[in-house]
Amino acid sequence: MSGTRLSPVRRIAVPASEAEREQMAAAFRVALEGLYPGAGVSRVVRDLARPVFEVGWICGVRTGHTGPALADVPLPPYVLGTALSSLASAVGGEAPGPELLQLVSYHGSVEGAHGRYWVTRIHREADAHGQELVTYRLSTYTQGRLRDALHGVHAESVTALPQHFQDAADGPFLARL
């Protein structure tokens, strides 16, 4: 053996390009759309998952593993759902039910009121056994105002949807508050 010494190759780190970020954003959006509507993944978990997804995506792009061969081959929805639920568990779990100013689908006992509403109040109290009881006030947004529609709604009567009020077309309303 010769006395040749192998030295590590030093490479310069290069931040993600605009094209890589655009590809990642589109792929992340498609992956989230693959979740079933009642998945109820909170905004906090999505915000935590996005940078992890970004690192994986950019590594894949740079190693050539996200090419056209995978373009029309979506992941099964449970794959991303499992990953996001694992992330939610790792960060202490998700809050039970939807967040304030989140869009929900109401499917409770008042059948004539089934539909989509904004959560405008979350009320938490302990029941006689010390268990937390959570109820919601749901509102509609009409003529530039949130209007109360249902109150005392239990968590099992609503399914959180991925849209929040500030993300909606009417979002500038919040800037005026």
# chains A, B, ... in the order shown; residues from 1 in each chain; ligands from 1
call {"tool": "residues_around", "arguments": {"residues": "Gly115 (chain A)", "least_positions_apart": "5", "cutoff": "10 Å", "atoms": "only C-alpha atoms", "output": "PyMOL selection string"}}
result
chain A and resi 104-108+158
call {"tool": "write_last_selection", "arguments": {"atoms": "N, CA, C and O atoms", "output": "tab-separated table (two decimals), in the first residue's frame"}}
result
chain	number	residue	atom	x	y	z
A	104	VAL	N	-64.76	24.88	9.70
A	104	VAL	CA	-65.15	23.53	10.09
A	104	VAL	C	-66.40	23.12	9.32
A	104	VAL	O	-67.14	23.96	8.82
A	105	SER	N	-66.60	21.83	9.26
A	105	SER	CA	-67.83	21.28	8.70
A	105	SER	C	-68.66	20.80	9.88
A	105	SER	O	-68.21	19.97	10.66
A	106	TYR	N	-69.86	21.34	10.02
A	106	TYR	CA	-70.75	20.94	11.11
A	106	TYR	C	-71.65	19.80	10.64
A	106	TYR	O	-72.29	19.88	9.59
A	107	HIS	N	-71.69	18.71	11.42
A	107	HIS	CA	-72.52	17.55	11.10
A	107	HIS	C	-73.18	17.02	12.37
A	107	HIS	O	-73.32	15.82	12.56
A	108	GLY	N	-73.61	17.96	13.21
A	108	GLY	CA	-74.19	17.60	14.51
A	108	GLY	C	-75.67	17.30	14.45
A	108	GLY	O	-76.24	17.01	13.39
A	158	VAL	N	-68.12	18.49	14.77
A	158	VAL	CA	-67.43	19.27	13.74
A	158	VAL	C	-66.19	18.53	13.25
A	158	VAL	O	-65.60	17.74	13.97
call {"tool": "closest_residue", "arguments": {"among": "A:Arg29, A:His65, A:Arg137, A:His114", "to": "Ala49 (chain A)", "atoms": "only C-alpha atoms"}}
result
A:Arg29
call {"tool": "residues_around", "arguments": {"residues": "region 117-125 of chain A", "least_positions_apart": "6", "cutoff": "8 Å", "atoms": "only C-alpha atoms", "output": "NGL selection string"}}
result
:A and (98-106 or 132-141 or 165)
call {"tool": "residues_around", "arguments": {"residues": "Glu54 (chain A)", "least_positions_apart": "4", "cutoff": "10 Å", "atoms": "only C-alpha atoms", "output": "list in words"}}
result
Ala16, Glu20, Arg21, Gln23, Met24, Ala25, Ala27, Phe28, Ala49, Arg50, Ile58, Cys59 and Gly60 of chain A
call {"tool": "atom_distance", "arguments": {"atom1": "CA of Asp47 (chain A)", "atom2": "CA of Leu32 (chain A)"}}
result
11.9 Å
call {"tool": "atom_distance", "arguments": {"atom1": "CA of Ser109 (chain A)", "atom2": "CA of Val153 (chain A)"}}
result
9.4 Å
call {"tool": "atom_distance", "arguments": {"atom1": "CA of Asp127 (chain A)", "atom2": "CA of Leu146 (chain A)"}}
result
29.4 Å
